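*Asks:* Provided herewith: coords-v3.pdb, PDB, C-alpha atoms, pLDDT in the B column.
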```pdb
ATOM      1  CA  MET A  12      -3.527 -17.706 -10.749  1.00 96.00           C
ATOM      2  CA  ILE A  13      -1.755 -14.387 -10.948  1.00 98.00           C
ATOM      3  CA  ASP A  14      -1.245 -12.026 -13.892  1.00 98.00           C
ATOM      4  CA  LEU A  15       1.187  -9.112 -13.517  1.00 98.00           C
ATOM      5  CA  ASN A  16       2.207  -6.369 -15.894  1.00 98.00           C
ATOM      6  CA  VAL A  17       4.237  -3.167 -15.704  1.00 98.00           C
ATOM      7  CA  THR A  18       4.070  -1.457 -19.070  1.00 98.00           C
ATOM      8  CA  GLU A  19       4.319   1.852 -20.914  1.00 98.00           C
ATOM      9  CA  GLU A  20       1.313   0.865 -23.029  1.00 98.00           C
ATOM     10  CA  PRO A  21      -2.224   1.983 -22.095  1.00 98.00           C
ATOM     11  CA  LEU A  22      -3.851  -0.584 -19.772  1.00 98.00           C
ATOM     12  CA  ASP A  23      -6.646  -2.745 -21.142  1.00 98.00           C
ATOM     13  CA  ILE A  24      -9.273  -2.897 -18.387  1.00 98.00           C
ATOM     14  CA  SER A  25     -11.594  -5.351 -20.099  1.00 98.00           C
ATOM     15  CA  SER A  26      -8.786  -7.820 -20.795  1.00 97.00           C
ATOM     16  CA  CYS A  27      -7.953  -7.795 -17.043  1.00 98.00           C
ATOM     17  CA  ILE A  28     -11.601  -8.564 -16.274  1.00 98.00           C
ATOM     18  CA  ASP A  29     -11.791 -11.279 -18.953  1.00 98.00           C
ATOM     19  CA  TRP A  30      -8.606 -12.868 -17.623  1.00 98.00           C
ATOM     20  CA  VAL A  31      -9.872 -13.213 -14.018  1.00 98.00           C
ATOM     21  CA  MET A  32     -13.304 -14.532 -15.033  1.00 97.00           C
ATOM     22  CA  THR A  33     -13.711 -18.246 -14.301  1.00 97.00           C
ATOM     23  CA  PRO A  34     -16.820 -20.455 -14.318  1.00 97.00           C
ATOM     24  CA  GLU A  35     -16.352 -21.011 -10.565  1.00 97.00           C
ATOM     25  CA  SER A  36     -16.423 -17.286  -9.800  1.00 97.00           C
ATOM     26  CA  GLY A  37     -19.517 -15.596  -8.398  1.00 97.00           C
ATOM     27  CA  GLY A  38     -18.081 -12.122  -8.671  1.00 97.00           C
ATOM     28  CA  ILE A  39     -15.243  -9.921  -9.867  1.00 98.00           C
ATOM     29  CA  ASP A  40     -14.003  -6.863  -8.019  1.00 98.00           C
ATOM     30  CA  VAL A  41     -12.063  -4.267 -10.025  1.00 98.00           C
ATOM     31  CA  PHE A  42     -10.076  -1.272  -8.848  1.00 98.00           C
ATOM     32  CA  ILE A  43      -9.206   1.283 -11.521  1.00 98.00           C
ATOM     33  CA  GLY A  44      -6.860   4.081 -10.532  1.00 98.00           C
ATOM     34  CA  THR A  45      -7.289   7.277 -12.557  1.00 97.00           C
ATOM     35  CA  VAL A  46      -5.207  10.437 -12.853  1.00 97.00           C
ATOM     36  CA  ARG A  47      -6.917  13.201 -10.861  1.00 95.00           C
ATOM     37  CA  ASN A  48      -6.866  16.811 -12.111  1.00 95.00           C
ATOM     38  CA  ALA A  49      -5.831  18.349  -8.787  1.00 94.00           C
ATOM     39  CA  THR A  50      -3.880  17.656  -5.615  1.00 91.00           C
ATOM     40  CA  LYS A  51      -4.499  19.708  -2.453  1.00 89.00           C
ATOM     41  CA  GLY A  52      -6.482  22.183  -4.519  1.00 90.00           C
ATOM     42  CA  LYS A  53      -3.708  22.696  -7.075  1.00 93.00           C
ATOM     43  CA  GLN A  54      -4.290  21.880 -10.729  1.00 96.00           C
ATOM     44  CA  VAL A  55      -2.336  18.855 -11.983  1.00 96.00           C
ATOM     45  CA  LEU A  56      -1.405  18.921 -15.675  1.00 96.00           C
ATOM     46  CA  ARG A  57      -0.078  15.365 -15.991  1.00 97.00           C
ATOM     47  CA  LEU A  58       1.729  12.619 -14.086  1.00 97.00           C
ATOM     48  CA  GLU A  59       4.849  10.650 -14.795  1.00 98.00           C
ATOM     49  CA  PHE A  60       5.318   7.152 -13.397  1.00 98.00           C
ATOM     50  CA  GLU A  61       8.672   5.428 -13.100  1.00 98.00           C
ATOM     51  CA  ALA A  62       9.158   1.801 -12.011  1.00 98.00           C
ATOM     52  CA  TYR A  63      12.038  -0.370 -10.869  1.00 98.00           C
ATOM     53  CA  GLN A  64      10.597  -2.923 -13.243  1.00 97.00           C
ATOM     54  CA  GLN A  65      11.983  -6.225 -12.000  1.00 97.00           C
ATOM     55  CA  MET A  66      11.557  -5.468  -8.298  1.00 98.00           C
ATOM     56  CA  ALA A  67       8.101  -3.972  -8.896  1.00 98.00           C
ATOM     57  CA  LEU A  68       6.980  -7.252 -10.475  1.00 98.00           C
ATOM     58  CA  SER A  69       8.484  -9.258  -7.630  1.00 98.00           C
ATOM     59  CA  GLU A  70       6.765  -7.099  -4.959  1.00 98.00           C
ATOM     60  CA  MET A  71       3.485  -7.283  -6.888  1.00 98.00           C
ATOM     61  CA  ARG A  72       3.780 -11.075  -6.925  1.00 98.00           C
ATOM     62  CA  LYS A  73       4.280 -11.138  -3.139  1.00 98.00           C
ATOM     63  CA  ILE A  74       1.143  -9.031  -2.613  1.00 98.00           C
ATOM     64  CA  ALA A  75      -0.929 -11.214  -4.945  1.00 98.00           C
ATOM     65  CA  GLU A  76       0.282 -14.381  -3.195  1.00 98.00           C
ATOM     66  CA  GLN A  77      -0.484 -12.873   0.233  1.00 98.00           C
ATOM     67  CA  ALA A  78      -3.990 -11.895  -0.922  1.00 98.00           C
ATOM     68  CA  MET A  79      -4.591 -15.413  -2.220  1.00 98.00           C
ATOM     69  CA  ASP A  80      -3.395 -16.866   1.101  1.00 98.00           C
ATOM     70  CA  LYS A  81      -5.674 -14.589   3.095  1.00 98.00           C
ATOM     71  CA  TRP A  82      -8.856 -14.918   1.015  1.00 98.00           C
ATOM     72  CA  PRO A  83     -10.336 -17.645  -1.207  1.00 98.00           C
ATOM     73  CA  VAL A  84      -9.614 -15.852  -4.460  1.00 98.00           C
ATOM     74  CA  HIS A  85      -9.604 -17.567  -7.871  1.00 98.00           C
ATOM     75  CA  LYS A  86      -7.557 -15.215 -10.035  1.00 98.00           C
ATOM     76  CA  LEU A  87      -5.885 -11.887  -9.436  1.00 98.00           C
ATOM     77  CA  ALA A  88      -4.492  -9.439 -12.000  1.00 98.00           C
ATOM     78  CA  ILE A  89      -2.353  -6.370 -11.261  1.00 98.00           C
ATOM     79  CA  HIS A  90      -1.409  -4.100 -14.160  1.00 98.00           C
ATOM     80  CA  HIS A  91       0.501  -0.841 -13.675  1.00 98.00           C
ATOM     81  CA  ARG A  92       1.430   1.690 -16.290  1.00 98.00           C
ATOM     82  CA  THR A  93       4.598   3.784 -16.487  1.00 98.00           C
ATOM     83  CA  GLY A  94       5.547   6.906 -18.438  1.00 98.00           C
ATOM     84  CA  THR A  95       3.516  10.069 -18.941  1.00 98.00           C
ATOM     85  CA  LEU A  96      -0.215   9.957 -18.176  1.00 98.00           C
ATOM     86  CA  GLN A  97      -2.780  12.683 -18.762  1.00 97.00           C
ATOM     87  CA  VAL A  98      -5.741  13.511 -16.503  1.00 97.00           C
ATOM     88  CA  GLY A  99      -8.347  10.727 -16.734  1.00 96.00           C
ATOM     89  CA  GLU A 100      -5.890   8.073 -17.884  1.00 98.00           C
ATOM     90  CA  VAL A 101      -5.453   4.832 -15.938  1.00 98.00           C
ATOM     91  CA  PRO A 102      -2.186   4.085 -14.099  1.00 98.00           C
ATOM     92  CA  VAL A 103      -3.364   0.934 -12.302  1.00 98.00           C
ATOM     93  CA  VAL A 104      -5.923  -1.846 -12.681  1.00 98.00           C
ATOM     94  CA  ILE A 105      -6.524  -4.618 -10.158  1.00 98.00           C
ATOM     95  CA  ALA A 106      -9.064  -7.347 -10.895  1.00 98.00           C
ATOM     96  CA  VAL A 107      -9.973 -10.158  -8.514  1.00 98.00           C
ATOM     97  CA  SER A 108     -12.374 -13.057  -8.947  1.00 98.00           C
ATOM     98  CA  ALA A 109     -13.801 -15.222  -6.164  1.00 98.00           C
ATOM     99  CA  ALA A 110     -16.772 -17.460  -5.470  1.00 98.00           C
ATOM    100  CA  HIS A 111     -18.264 -14.823  -3.155  1.00 97.00           C
ATOM    101  CA  ARG A 112     -18.039 -11.046  -3.188  1.00 97.00           C
ATOM    102  CA  ALA A 113     -16.585 -10.494   0.294  1.00 97.00           C
ATOM    103  CA  ALA A 114     -13.326 -12.233  -0.619  1.00 98.00           C
ATOM    104  CA  ALA A 115     -13.060 -10.351  -3.912  1.00 98.00           C
ATOM    105  CA  PHE A 116     -13.681  -6.939  -2.291  1.00 98.00           C
ATOM    106  CA  GLU A 117     -11.246  -7.524   0.573  1.00 98.00           C
ATOM    107  CA  ALA A 118      -8.476  -9.014  -1.571  1.00 98.00           C
ATOM    108  CA  CYS A 119      -8.786  -6.139  -4.056  1.00 98.00           C
ATOM    109  CA  ARG A 120      -8.573  -3.510  -1.313  1.00 98.00           C
ATOM    110  CA  TYR A 121      -5.618  -5.261   0.319  1.00 98.00           C
ATOM    111  CA  THR A 122      -3.831  -5.417  -3.030  1.00 98.00           C
ATOM    112  CA  ILE A 123      -4.136  -1.703  -3.890  1.00 98.00           C
ATOM    113  CA  ASP A 124      -3.415  -0.569  -0.302  1.00 98.00           C
ATOM    114  CA  THR A 125      -0.266  -2.714  -0.067  1.00 98.00           C
ATOM    115  CA  LEU A 126       0.876  -1.842  -3.602  1.00 98.00           C
ATOM    116  CA  LYS A 127       0.892   1.830  -2.602  1.00 98.00           C
ATOM    117  CA  GLN A 128       3.144   1.006   0.370  1.00 97.00           C
ATOM    118  CA  THR A 129       5.664  -1.462  -1.026  1.00 98.00           C
ATOM    119  CA  VAL A 130       5.866  -1.600  -4.825  1.00 98.00           C
ATOM    120  CA  PRO A 131       8.832   0.439  -6.148  1.00 98.00           C
ATOM    121  CA  ILE A 132       6.954   2.773  -8.483  1.00 98.00           C
ATOM    122  CA  TRP A 133       7.196   6.547  -8.265  1.00 98.00           C
ATOM    123  CA  LYS A 134       4.841   9.286  -9.363  1.00 97.00           C
ATOM    124  CA  LYS A 135       5.772  12.836 -10.305  1.00 97.00           C
ATOM    125  CA  GLU A 136       3.088  15.516 -10.455  1.00 97.00           C
ATOM    126  CA  PHE A 137       3.425  18.330 -12.987  1.00 97.00           C
ATOM    127  CA  PHE A 138       1.865  21.695 -12.170  1.00 96.00           C
ATOM    128  CA  GLU A 139       1.831  24.947 -14.123  1.00 94.00           C
ATOM    129  CA  ASP A 140       4.621  26.279 -11.935  1.00 94.00           C
ATOM    130  CA  GLY A 141       6.717  23.180 -11.302  1.00 94.00           C
ATOM    131  CA  GLU A 142       6.880  19.489 -10.570  1.00 95.00           C
ATOM    132  CA  VAL A 143       7.155  17.312  -7.476  1.00 95.00           C
ATOM    133  CA  TRP A 144       7.879  13.661  -6.662  1.00 97.00           C
ATOM    134  CA  VAL A 145       4.871  12.553  -4.609  1.00 94.00           C
ATOM    135  CA  ALA A 146       5.548  11.585  -0.943  1.00 93.00           C
ATOM    136  CA  ALA A 147       9.296  12.196  -1.259  1.00 92.00           C
ATOM    137  CA  HIS A 148       9.475  14.851   1.447  1.00 92.00           C
ATOM    138  CA  PRO A 149       7.729  15.103   4.812  1.00 89.00           C
TER     139      PRO A 149
ATOM    140  CA  MET B  11      35.125  -2.212  -3.007  1.00 95.00           C
ATOM    141  CA  LYS B  12      33.018  -0.296  -5.506  1.00 94.00           C
ATOM    142  CA  VAL B  13      29.288  -1.002  -5.609  1.00 95.00           C
ATOM    143  CA  LYS B  14      27.042   0.121  -8.430  1.00 96.00           C
ATOM    144  CA  VAL B  15      23.926   1.719  -6.956  1.00 98.00           C
ATOM    145  CA  LEU B  16      20.789   2.290  -9.043  1.00 98.00           C
ATOM    146  CA  ALA B  17      18.725   5.381  -8.299  1.00 98.00           C
ATOM    147  CA  PHE B  18      15.018   5.886  -8.983  1.00 97.00           C
ATOM    148  CA  GLY B  19      12.492   8.697  -8.640  1.00 96.00           C
ATOM    149  CA  ILE B  20      13.772  11.629  -6.641  1.00 97.00           C
ATOM    150  CA  ALA B  21      16.939   9.665  -5.796  1.00 97.00           C
ATOM    151  CA  ARG B  22      17.871   9.810  -9.484  1.00 97.00           C
ATOM    152  CA  ASP B  23      17.590  13.605  -9.384  1.00 96.00           C
ATOM    153  CA  ILE B  24      19.685  13.766  -6.204  1.00 97.00           C
ATOM    154  CA  VAL B  25      22.391  11.407  -7.451  1.00 97.00           C
ATOM    155  CA  GLY B  26      22.379  13.107 -10.846  1.00 97.00           C
ATOM    156  CA  GLY B  27      21.896   9.950 -12.894  1.00 97.00           C
ATOM    157  CA  SER B  28      20.291   6.530 -12.942  1.00 97.00           C
ATOM    158  CA  SER B  29      23.259   4.929 -11.160  1.00 97.00           C
ATOM    159  CA  ALA B  30      26.422   5.779  -9.259  1.00 97.00           C
ATOM    160  CA  GLU B  31      29.587   3.891  -8.320  1.00 96.00           C
ATOM    161  CA  ILE B  32      29.954   4.056  -4.543  1.00 96.00           C
ATOM    162  CA  GLU B  33      33.128   3.114  -2.690  1.00 96.00           C
ATOM    163  CA  VAL B  34      32.468   1.163   0.499  1.00 96.00           C
ATOM    164  CA  THR B  35      34.712  -0.956   2.708  1.00 96.00           C
ATOM    165  CA  ASP B  36      34.855  -4.694   2.008  1.00 94.00           C
ATOM    166  CA  GLU B  37      32.286  -6.441   4.217  1.00 93.00           C
ATOM    167  CA  ALA B  38      30.236  -3.239   4.332  1.00 97.00           C
ATOM    168  CA  ASN B  39      26.592  -3.718   5.240  1.00 97.00           C
ATOM    169  CA  VAL B  40      23.526  -1.812   4.055  1.00 98.00           C
ATOM    170  CA  ASP B  41      23.670   0.687   6.950  1.00 98.00           C
ATOM    171  CA  ASP B  42      27.311   1.449   6.068  1.00 97.00           C
ATOM    172  CA  LEU B  43      26.301   2.085   2.472  1.00 98.00           C
ATOM    173  CA  LYS B  44      23.453   4.374   3.565  1.00 97.00           C
ATOM    174  CA  GLU B  45      25.924   6.362   5.663  1.00 97.00           C
ATOM    175  CA  VAL B  46      28.253   6.803   2.670  1.00 98.00           C
ATOM    176  CA  LEU B  47      25.325   7.742   0.428  1.00 98.00           C
ATOM    177  CA  VAL B  48      24.054  10.395   2.846  1.00 97.00           C
ATOM    178  CA  ALA B  49      27.575  11.836   3.233  1.00 97.00           C
ATOM    179  CA  GLN B  50      27.994  11.992  -0.539  1.00 97.00           C
ATOM    180  CA  TYR B  51      24.430  13.141  -1.310  1.00 98.00           C
ATOM    181  CA  PRO B  52      23.186  15.127   1.723  1.00 97.00           C
ATOM    182  CA  ARG B  53      19.799  15.806   0.073  1.00 97.00           C
ATOM    183  CA  LEU B  54      18.924  12.143   0.711  1.00 97.00           C
ATOM    184  CA  LYS B  55      18.619  13.133   4.384  1.00 95.00           C
ATOM    185  CA  GLN B  56      15.714  15.460   3.572  1.00 96.00           C
ATOM    186  CA  LEU B  57      13.585  12.594   2.219  1.00 96.00           C
ATOM    187  CA  THR B  58      10.747  11.187   4.308  1.00 94.00           C
ATOM    188  CA  SER B  59      12.797   7.976   4.307  1.00 93.00           C
ATOM    189  CA  PHE B  60      14.822   5.906   1.920  1.00 95.00           C
ATOM    190  CA  MET B  61      15.337   2.180   1.692  1.00 97.00           C
ATOM    191  CA  VAL B  62      17.973   0.110  -0.019  1.00 98.00           C
ATOM    192  CA  ALA B  63      17.121  -2.914  -2.142  1.00 98.00           C
ATOM    193  CA  VAL B  64      19.639  -5.676  -2.807  1.00 98.00           C
ATOM    194  CA  ASN B  65      18.961  -8.061  -5.686  1.00 97.00           C
ATOM    195  CA  ASN B  66      15.364  -6.875  -5.981  1.00 97.00           C
ATOM    196  CA  GLU B  67      14.506  -7.315  -2.288  1.00 98.00           C
ATOM    197  CA  TYR B  68      14.186  -4.691   0.458  1.00 98.00           C
ATOM    198  CA  ALA B  69      17.378  -5.089   2.480  1.00 98.00           C
ATOM    199  CA  HIS B  70      17.991  -4.912   6.237  1.00 98.00           C
ATOM    200  CA  GLY B  71      20.648  -2.634   7.707  1.00 97.00           C
ATOM    201  CA  GLU B  72      22.858  -5.508   8.762  1.00 98.00           C
ATOM    202  CA  ASP B  73      22.828  -7.283   5.382  1.00 98.00           C
ATOM    203  CA  ILE B  74      26.385  -7.585   4.017  1.00 97.00           C
ATOM    204  CA  LEU B  75      26.956  -6.305   0.486  1.00 97.00           C
ATOM    205  CA  GLN B  76      28.764  -8.248  -2.230  1.00 95.00           C
ATOM    206  CA  GLN B  77      30.512  -6.531  -5.100  1.00 90.00           C
ATOM    207  CA  HIS B  78      28.160  -7.834  -7.794  1.00 92.00           C
ATOM    208  CA  ASP B  79      24.891  -7.332  -5.938  1.00 96.00           C
ATOM    209  CA  GLU B  80      22.273  -5.266  -7.723  1.00 96.00           C
ATOM    210  CA  VAL B  81      21.841  -2.413  -5.244  1.00 98.00           C
ATOM    211  CA  ALA B  82      19.202   0.315  -5.502  1.00 98.00           C
ATOM    212  CA  ILE B  83      18.128   3.395  -3.557  1.00 98.00           C
ATOM    213  CA  ILE B  84      14.366   3.223  -2.971  1.00 98.00           C
ATOM    214  CA  PRO B  85      12.904   6.621  -2.011  1.00 98.00           C
ATOM    215  CA  PRO B  86       9.307   6.699  -0.673  1.00 97.00           C
ATOM    216  CA  VAL B  87       7.162   4.830  -3.200  1.00 98.00           C
ATOM    217  CA  SER B  88       4.057   6.473  -4.676  1.00 97.00           C
ATOM    218  CA  GLY B  89       2.581   4.112  -7.242  1.00 97.00           C
ATOM    219  CA  GLY B  90      -1.083   3.317  -7.727  1.00 95.00           C
TER     220      GLY B  90
END
```
I'd like the structure from this file rewritten - as structure tokens, please.

*Replies:*
Amino acid sequence: MIDLNVTEEPLDISSCIDWVMTPESGGIDVFIGTVRNATKGKQVLRLEFEAYQQMALSEMRKIAEQAMDKWPVHKLAIHHRTGTLQVGEVPVVIAVSAAHRAAAFEACRYTIDTLKQTVPIWKKEFFEDGEVWVAAHP
Amino acid sequence: MKVKVLAFGIARDIVGGSSAEIEVTDEANVDDLKEVLVAQYPRLKQLTSFMVAVNNEYAHGEDILQQHDEVAIIPPVSGG
């Protein structure tokens, strides 16, 4: 089972964990992305995330389905936040349950790594002296 | 024909809005559209790359566009 969400509301980490928990599961792996206070040594004030909502959900679904094909995973949740986030806030939560930990770890890593490559969500970093869309330019 | 193209992230800044009406030839494919976009908005060329999505799917260069497709410029993604 797959649970996806792209929302402006703060993400609820424990509800992601509760949702993936099943009696058959022997473990849950959780990735929590957090807003870092610096990039390449430069202080970051805040981030802004923008999503192409419908396509983001459809790409997230593909990743979750691929992860469940590759590893014996029970449930997988991907929640991503949009809008303005301050340092320490949580833009992404991925939770994966499986009978054994190896599958949960690997599926979770695959999900976040692939999300960063394919899901149409964009991040803008705000500095004291300007702002920049991450990864836009070589 | 005119195609409505959505723009996100830095593409929205370059296009100067969240969408633009782009004139392409009938039977134009995605590569043709990208050529028109780059001619109209040269700053797109400076991006690491940009993709085009049609109806919420990453499109291939040879895919033919239809007038009522939902078309979007997808600059390099940076979620997570």

*Asks:* Atom CA of Val64 of chain B to atom CA of Arg120 of chain A: how many Å, to one decimal?

*Replies:*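 Atom CA of Val64 of chain B sits 28.3 Å away from atom CA of Arg120 of chain A.
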
*Asks:* Could you write out as an mmCIF file with C-alpha atoms, in the coordinates of the input the residues that the ChimeraX specification (/B :<6) & /A matches in the shown file?

*Replies:*
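Saved to selection29.cif:
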```cif
data_model
loop_
_atom_site.group_PDB
_atom_site.id
_atom_site.type_symbol
_atom_site.label_atom_id
_atom_site.label_comp_id
_atom_site.auth_asym_id
_atom_site.auth_seq_id
_atom_site.Cartn_x
_atom_site.Cartn_y
_atom_site.Cartn_z
ATOM 1 C CA MET A 66 11.557 -5.468 -8.298
ATOM 2 C CA VAL A 103 -3.364 0.934 -12.302
ATOM 3 C CA LYS A 127 0.892 1.830 -2.602
ATOM 4 C CA PRO A 131 8.832 0.439 -6.148
ATOM 5 C CA ILE A 132 6.954 2.773 -8.483
ATOM 6 C CA TRP A 133 7.196 6.547 -8.265
ATOM 7 C CA LYS A 134 4.841 9.286 -9.363
ATOM 8 C CA ALA A 147 9.296 12.196 -1.259
ATOM 9 C CA HIS A 148 9.475 14.851 1.447
ATOM 10 C CA PRO A 149 7.729 15.103 4.812
#
```

*Asks:* To one decimal place in Å, what is the distance between atom CA of Val107 of chain A and atom CA of Ser69 of chain A?

*Replies:*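 Those two atoms sit 18.5 Å apart.
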
*Asks:* Starting from 8 Å padding per side, set up an axis-aligned box that covers all listed atoms of segment 126-134 of chain A and hand over centre and edge lengths in Å, one decimal, as lines of an AutoDock Vina configuration file.

*Replies:*
```
center_x = 4.9
center_y = 3.7
center_z = -4.5
size_x = 24.0
size_y = 27.1
size_z = 25.7
```

*Asks:* Apply the PyMOL selection byres ((chain B and resi 34) around 8) to the file shown and report the selected residues as a PyMOL selection string.

*Replies:* chain B and resi 11-13+32-33+35-36+38+42-43+46

*Asks:* Smallest atom-to-atom distance to Glu45 of chain B: which of B:Val62, B:His78, B:Arg22, B:Gly27, using only C-alpha atoms?

*Replies:*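 Under the stated criterion, the closest residue is B:Val62.
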
*Asks:* Rounded to one decimal, what separation in Å do you get between atom CA of Asp73 of chain B and atom CA of Met71 of chain A?

*Replies:* 22.9 Å

*Asks:* Nearest residue to Tyr63 of chain A out of A:Leu15, A:Cys119, A:Val130, A:Val104, using all atoms listed in the file?

*Replies:*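 Among the listed residues, the smallest separation from Tyr63 of chain A belongs to A:Val130.
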
*Asks:* Using all atoms listed in the file, determine which residues lie at most 8 Å from Ile28 of chain A, disregarding the query and same-chain residues fewer than 4 positions distant; provide the list as an NGL selection string.

*Replies:* :A and (24 or 32 or 39 or 41 or 106)
